[in-house]
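Q: Next comes work-v2.tsv, TSV, C-alpha atoms and all ligand atoms:
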chain	number	residue	atom	x	y	z
A	682	MET	CA	4.40	5.10	-5.39
A	683	LYS	CA	7.71	4.80	-7.14
A	684	ILE	CA	11.08	6.33	-6.27
A	685	THR	CA	13.87	6.39	-8.86
A	686	ILE	CA	17.27	7.42	-7.49
A	687	VAL	CA	18.73	9.70	-10.15
A	688	TYR	CA	21.83	11.00	-8.37
A	689	ASP	CA	23.82	9.35	-5.61
A	690	ASN	CA	27.39	8.90	-4.34
A	691	VAL	CA	27.41	5.41	-5.89
A	692	THR	CA	25.64	3.80	-8.83
A	693	TRP	CA	23.16	0.94	-8.81
A	694	GLN	CA	22.79	0.60	-12.57
A	695	PRO	CA	25.49	0.65	-15.25
A	696	GLY	CA	25.33	3.63	-17.62
A	697	LEU	CA	24.74	6.12	-14.82
A	698	GLU	CA	27.35	8.34	-13.22
A	699	ALA	CA	28.09	8.49	-9.49
A	700	ALA	CA	28.83	11.83	-7.86
A	701	TRP	CA	28.54	13.23	-4.36
A	702	GLY	CA	24.97	14.40	-3.85
A	703	PHE	CA	21.40	13.16	-3.97
A	704	ALA	CA	18.33	13.42	-6.18
A	705	CYS	CA	15.39	11.11	-6.76
A	706	LEU	CA	12.24	11.21	-8.84
A	707	VAL	CA	9.08	10.56	-6.86
A	708	GLU	CA	5.99	9.36	-8.73
A	709	ALA	CA	2.72	9.01	-6.86
A	710	ASP	CA	-0.96	9.43	-7.77
A	711	GLY	CA	-0.02	10.55	-11.28
A	712	ARG	CA	2.30	13.27	-9.97
A	713	ARG	CA	5.99	13.61	-10.74
A	714	LEU	CA	8.28	15.51	-8.44
A	715	LEU	CA	12.07	15.63	-8.32
A	716	PHE	CA	13.46	15.55	-4.80
A	717	ASP	CA	16.76	17.51	-4.78
A	718	THR	CA	19.01	17.98	-7.79
A	719	GLY	CA	22.43	16.57	-6.84
A	720	GLY	CA	25.57	18.67	-6.97
A	721	ARG	CA	26.47	18.89	-10.65
A	722	GLY	CA	23.93	19.76	-13.30
A	723	GLU	CA	25.67	17.84	-16.09
A	724	VAL	CA	25.58	14.62	-14.04
A	725	LEU	CA	21.91	15.16	-13.17
A	726	LEU	CA	20.94	15.74	-16.81
A	727	LYS	CA	23.06	12.83	-18.04
A	728	ASN	CA	21.52	10.44	-15.50
A	729	LEU	CA	17.98	11.63	-16.28
A	730	GLU	CA	18.66	10.92	-19.94
A	731	ALA	CA	20.10	7.47	-19.17
A	732	LEU	CA	16.92	6.71	-17.23
A	733	ASN	CA	14.73	7.96	-20.11
A	734	LEU	CA	13.35	10.73	-17.95
A	735	GLU	CA	12.68	13.87	-19.93
A	736	PRO	CA	13.40	17.03	-17.83
A	737	ALA	CA	10.40	18.75	-19.42
A	738	SER	CA	8.18	16.03	-17.95
A	739	ILE	CA	9.10	17.08	-14.40
A	740	PRO	CA	6.89	19.99	-13.34
A	741	GLU	CA	7.89	20.20	-9.68
A	742	ILE	CA	11.08	20.16	-7.62
A	743	PHE	CA	11.37	19.79	-3.89
A	744	ILE	CA	14.65	21.02	-2.41
A	745	SER	CA	15.47	19.57	1.01
A	746	HIS	CA	18.14	22.11	1.95
A	747	SER	CA	20.52	24.60	0.44
A	748	HIS	CA	23.74	22.54	0.49
A	749	TRP	CA	25.46	22.42	-2.92
A	750	ASP	CA	25.17	18.63	-3.22
A	751	HIS	CA	21.34	18.92	-3.20
A	752	LEU	CA	20.79	22.30	-4.86
A	753	GLY	CA	23.73	22.38	-7.31
A	754	GLY	CA	21.91	20.83	-10.28
A	755	LEU	CA	18.89	23.16	-10.09
A	756	ALA	CA	20.21	25.96	-12.33
A	757	ASP	CA	21.10	23.56	-15.17
A	758	LEU	CA	17.76	21.79	-14.86
A	759	MET	CA	15.88	25.08	-15.05
A	760	ARG	CA	17.86	25.95	-18.16
A	761	VAL	CA	16.19	23.03	-19.95
A	762	ASN	CA	12.83	23.33	-18.18
A	763	ARG	CA	11.79	26.84	-17.17
A	764	ASN	CA	8.24	25.80	-16.48
A	765	ILE	CA	8.99	24.48	-13.02
A	766	ARG	CA	7.57	24.98	-9.56
A	767	VAL	CA	10.14	24.79	-6.76
A	768	TYR	CA	9.38	24.04	-3.12
A	769	LEU	CA	12.23	25.14	-0.93
A	770	PRO	CA	12.91	25.79	2.75
A	771	GLY	CA	12.00	29.31	3.83
A	772	SER	CA	15.59	30.21	4.71
A	773	CYS	CA	16.89	29.17	1.27
A	774	PRO	CA	17.72	31.90	-1.29
A	775	ARG	CA	15.08	31.96	-4.05
A	776	PRO	CA	16.17	30.95	-7.55
A	777	THR	CA	15.11	33.78	-9.85
A	778	GLU	CA	14.67	31.63	-12.96
A	779	ALA	CA	11.85	29.46	-11.59
A	780	ARG	CA	8.29	29.99	-12.79
A	781	GLU	CA	7.00	29.63	-9.26
A	782	VAL	CA	8.79	29.34	-5.91
A	783	ILE	CA	7.00	28.12	-2.82
A	784	SER	CA	8.90	29.03	0.29
A	785	VAL	CA	8.06	26.41	2.91
A	786	GLN	CA	7.94	27.40	6.57
A	787	GLY	CA	5.76	25.02	8.59
A	788	PRO	CA	4.21	21.64	7.69
A	789	LEU	CA	2.56	21.83	4.26
A	790	GLU	CA	0.27	19.70	2.12
A	791	ILE	CA	1.81	19.85	-1.37
A	792	ALA	CA	-0.84	17.66	-2.97
A	793	ALA	CA	-3.20	14.89	-1.95
A	794	ASN	CA	-1.04	12.40	-0.01
A	795	MET	CA	2.12	14.49	-0.38
A	796	PHE	CA	3.49	16.71	2.38
A	797	SER	CA	6.51	18.64	3.60
A	798	THR	CA	7.54	18.34	7.23
A	799	GLY	CA	8.20	22.08	7.02
A	800	GLU	CA	11.63	23.56	7.56
A	801	LEU	CA	13.04	21.90	10.67
A	802	PRO	CA	15.94	23.07	12.88
A	803	GLY	CA	18.98	22.44	10.66
A	804	ALA	CA	17.31	24.36	7.80
A	805	GLU	CA	16.03	21.21	6.06
A	806	GLN	CA	12.63	19.91	5.01
A	807	SER	CA	11.73	16.29	4.25
A	808	LEU	CA	9.12	14.98	1.84
A	809	VAL	CA	6.36	12.73	3.14
A	810	VAL	CA	4.24	10.57	0.81
A	811	LYS	CA	1.19	8.72	2.10
A	812	THR	CA	0.39	5.27	0.72
A	813	GLU	CA	-2.08	2.60	1.83
A	814	ASN	CA	0.66	0.98	3.90
A	815	GLY	CA	1.88	4.06	5.74
A	816	LEU	CA	4.12	7.02	5.10
A	817	THR	CA	7.34	7.13	3.11
A	818	VAL	CA	9.75	9.81	4.29
A	819	ILE	CA	12.45	11.05	1.92
A	820	CYS	CA	15.27	13.07	3.41
A	821	GLY	CA	18.31	14.86	1.97
A	822	CYS	CA	21.06	14.75	4.61
A	823	SER	CA	18.96	14.54	7.82
A	824	HIS	CA	20.72	17.53	9.37
A	825	PRO	CA	17.77	18.08	11.77
A	826	GLY	CA	18.33	14.51	13.06
A	827	VAL	CA	16.41	11.41	12.02
A	828	GLY	CA	14.40	11.42	15.27
A	829	THR	CA	13.24	15.00	14.67
A	830	ILE	CA	12.34	14.22	11.06
A	831	LEU	CA	10.37	11.07	11.91
A	832	ALA	CA	8.54	12.89	14.71
A	833	ALA	CA	7.64	15.75	12.34
A	834	ALA	CA	6.49	13.32	9.64
A	835	SER	CA	4.36	11.27	12.04
A	836	ARG	CA	1.83	14.13	12.34
A	837	PHE	CA	0.61	12.83	8.94
A	838	GLY	CA	0.33	9.18	10.06
A	839	PRO	CA	2.52	6.17	10.89
A	840	VAL	CA	5.89	6.12	9.11
A	841	ALA	CA	6.64	2.90	7.19
A	842	ALA	CA	9.66	3.75	5.02
A	843	LEU	CA	12.69	6.03	5.11
A	844	VAL	CA	14.82	6.85	2.06
A	845	GLY	CA	17.76	9.24	1.76
A	846	GLY	CA	20.90	10.56	3.40
A	847	LEU	CA	21.13	9.92	7.13
A	848	HIS	CA	24.51	11.56	7.75
A	849	GLY	CA	26.14	10.33	11.04
A	850	PHE	CA	22.90	8.80	12.36
A	851	GLN	CA	23.42	6.07	15.00
A	852	GLU	CA	20.17	5.96	17.01
A	853	TYR	CA	19.35	2.66	15.31
A	854	GLU	CA	16.37	1.86	17.56
A	855	LEU	CA	14.41	4.58	15.72
A	856	LEU	CA	14.39	2.36	12.60
A	857	ALA	CA	13.06	-0.75	14.36
A	858	GLY	CA	9.41	-0.38	13.32
A	859	LEU	CA	10.01	0.53	9.68
A	860	LYS	CA	9.17	-1.80	6.78
A	861	LEU	CA	11.81	-0.34	4.46
A	862	ILE	CA	15.00	1.65	4.96
A	863	CYS	CA	17.17	2.88	2.09
A	864	PRO	CA	20.11	4.71	3.66
A	865	CYS	CA	22.11	6.34	0.89
A	866	HIS	CA	24.12	9.45	-0.09
A	867	CYS	CA	25.94	10.75	3.02
A	868	THR	CA	24.87	7.95	5.42
A	869	GLN	CA	28.08	7.10	7.27
A	870	HIS	CA	26.91	3.91	8.95
A	871	GLN	CA	25.19	2.13	6.04
A	872	ALA	CA	26.93	-1.17	6.78
A	873	GLU	CA	25.85	-1.14	10.43
A	874	ILE	CA	22.24	-0.33	9.46
A	875	LYS	CA	22.22	-3.30	7.04
A	876	VAL	CA	23.62	-5.64	9.70
A	877	ARG	CA	21.00	-4.56	12.23
A	878	PHE	CA	18.06	-4.57	9.78
A	879	PRO	CA	18.87	-7.26	7.21
A	880	LYS	CA	15.23	-7.77	6.20
A	881	THR	CA	14.28	-4.12	5.73
A	882	ALA	CA	17.44	-2.18	4.80
A	883	ILE	CA	18.31	-1.95	1.11
A	884	SER	CA	21.09	-0.27	-0.87
A	885	GLY	CA	20.59	2.96	-2.78
A	886	GLY	CA	22.64	4.12	-5.75
A	887	ALA	CA	21.86	6.02	-8.93
A	888	GLY	CA	19.44	4.02	-11.06
A	889	ARG	CA	17.79	2.14	-8.20
A	890	VAL	CA	14.00	2.00	-8.46
A	891	ILE	CA	11.99	1.45	-5.28
A	892	GLU	CA	8.29	0.61	-5.54
A	893	ILE	CA	6.29	1.11	-2.38
A	894	GLY	CA	2.67	-0.04	-2.16
B	1	ZN	ZN	24.16	15.93	1.29
B	2	ZN	ZN	23.60	18.59	3.63
Mind converting the file's structure to structure tokens?
A:
Amino acid sequence: MKITIVYDNVTWQPGLEAAWGFACLVEADGRRLLFDTGGRGEVLLKNLEALNLEPASIPEIFISHSHWDHLGGLADLMRVNRNIRVYLPGSCPRPTEAREVISVQGPLEIAANMFSTGELPGAEQSLVVKTENGLTVICGCSHPGVGTILAAASRFGPVAALVGGLHGFQEYELLAGLKLICPCHCTQHQAEIKVRFPKTAISGGAGRVIEIG
């Protein structure tokens, strides 16, 4: 599977714009799904263009939670691609423009090897992708808590990688068994995570591409 960070608080690649928020394109088993949409639609569309990613080629969007920095770009994206299916937490208001809205309550299989943890306490869902080497968990801000998210994801198998915003997370021992950690967006203690896990923690940033086997 491949993750391309499209929107982040910092950039990884020149030519992209940094802005507070998070979005990444997830490609696995021939499927393309955008995880979150960042805060500002014009930044999302500009970064997609800079990455040569055509909005019309993205049929599905997974929204982690309703905060503006994850949901804000959705309206502009749907203006250029109306033919979109949106997965969003059950408590989230439904966007009227979408072709199809799937309101996620409990754990859900989205496709073969692709799951939602379901809406967890904190009104947030995380995306779980199964590969041969374990699960990759992608989270928006981790408002439910990283421990809660990892426990919810582990119903689908052993977790190997964690990518996304970890907010004020400090229970570092939870990351000890992971093969890859990409703490980005709102993660307050990125530096500490990199010091503790120098072999497995990597930087995020808009334009970063992460390939996971
Ligand atoms: Zn956020
Ligand atoms: Zn948030």
Q: In Å to one decimal, how far is CA of Leu847 in chain A from CA of His751 in chain A?
A: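 Going from CA of His751 in chain A over to CA of Leu847 in chain A, I get 13.7 Å.
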Q: Kindly work out which residues sit at most 12 Å from ligand ZN 2 (chain B), using only C-alpha atoms and all ligand atoms, and give the list as a VMD selection string.
A: chain A and resid 701 to 703 717 719 to 720 744 to 753 803 to 806 820 to 826 845 to 849 866 to 868
Q: For a quick check of understanding, using only C-alpha atoms and all ligand atoms, which of A:Tyr688, A:Ala882, A:Leu801, A:Ser738 has the smallest distance to ligand ZN 1 (chain B)?
A: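 Closest to ligand ZN 1 (chain B) of all the choices is A:Tyr688.
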Q: Residues within 9 Å of Ile819 in chain A, please, as JSON, numbers by chain. Count all atoms listed in the file; anything in the same chain fewer than 3 positions from it doesn't count.
A: {"A": [716, 807, 808, 809, 810, 842, 843, 844, 845, 846]}
Q: Counting only C-alpha atoms, note down every residue that has an atom within 10 Å of the point (8.6, 2.9, 7.4) (file coordinates), as a ChimeraX atom specification.
A: /A:814-818,831,839-844,856-862,881
Q: Which residues, written as a ChimeraX atom specification, have at least one atom at most 7 Å from range 721-732 of chain A, with all atoms listed in the file counted and residues fewer than 6 positions away on the same chain left out?
A: /A:687-688,696-698,753-755,757-758
Q: Go ahead and compute the interatomic distance for CA of Thr692 in chain A and CA of Ser884 in chain A, in Å to one decimal.
A: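 Interatomic distance, CA of Thr692 in chain A to CA of Ser884 in chain A: 10.0 Å.
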Q: Using only C-alpha atoms and all ligand atoms, which of A:Ala704, A:Ile891, A:Ile765, A:Ile874 sits nearest ligand ZN 1 (chain B)?
A: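 Going through A:Ala704, A:Ile891, A:Ile765, A:Ile874 one by one, the smallest distance to ligand ZN 1 (chain B) is for A:Ala704.
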Q: Kindly give the distance, in Å, that separates CA of Gly799 in chain A and CA of Met759 in chain A, rounded to a single decimal.
A: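 If I compute the distance from CA of Gly799 in chain A to CA of Met759 in chain A, I get 23.6 Å.
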Q: Nearest to ligand ZN 1 (chain B) among A:Ile686, A:Val761, A:Cys865, A:Val890, with distances taken over only C-alpha atoms and all ligand atoms: which residue is it?
A: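 Looking only at the distances to ligand ZN 1 (chain B), the closest residue turns out to be A:Cys865.
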Q: With only C-alpha atoms and all ligand atoms as the atoms that count, which of A:Cys863, A:Gln871, A:Thr718, A:Arg766 lies nearest to ligand ZN 1 (chain B)?
A: A:Thr718
Q: I'd like the neighbourhood of Gly711 in chain A as a ChimeraX atom specification, where a residue qualifies if any of its atoms comes within 12 Å (using all atoms listed in the file), though same-chain residues fewer than 3 positions away should be ignored.
A: /A:682-683,707-708,714,738-740,792-795
Q: Kindly indicate which residue among A:Trp693, A:Ile830, A:Asp710, A:Arg889 lies nearest to Glu800 in chain A, using only C-alpha atoms for the distances.
A: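 Nearest to Glu800 in chain A: A:Ile830.
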Q: Select, from A:Val782, A:Glu852, A:Pro770, A:Ala700, the residue with the minimum atom-to-atom distance to ligand ZN 1 (chain B), counting only C-alpha atoms and all ligand atoms.
A: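 Selected residue with least distance to ligand ZN 1 (chain B): A:Ala700.
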Q: Need the shell around Arg760 in chain A: protein/DNA/RNA residues with any atom at most 10 Å away, counting all atoms listed in the file. Skip same-chain ones fewer than 6 positions apart. Format as a list in words?
A: Gly722, Pro736, Glu778 and Ala779 of chain A
Q: Export C-alpha atoms of the chosen residues as a PDB file, in the coordinates of the input?
A:
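And here is the file that came out, selection10.pdb:
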ATOM      1  CA  GLY A 722      23.930  19.760 -13.300  1.00  0.00           C
ATOM      2  CA  PRO A 736      13.400  17.030 -17.830  1.00  0.00           C
ATOM      3  CA  GLU A 778      14.670  31.630 -12.960  1.00  0.00           C
ATOM      4  CA  ALA A 779      11.850  29.460 -11.590  1.00  0.00           C
TER       5      ALA A 779
END
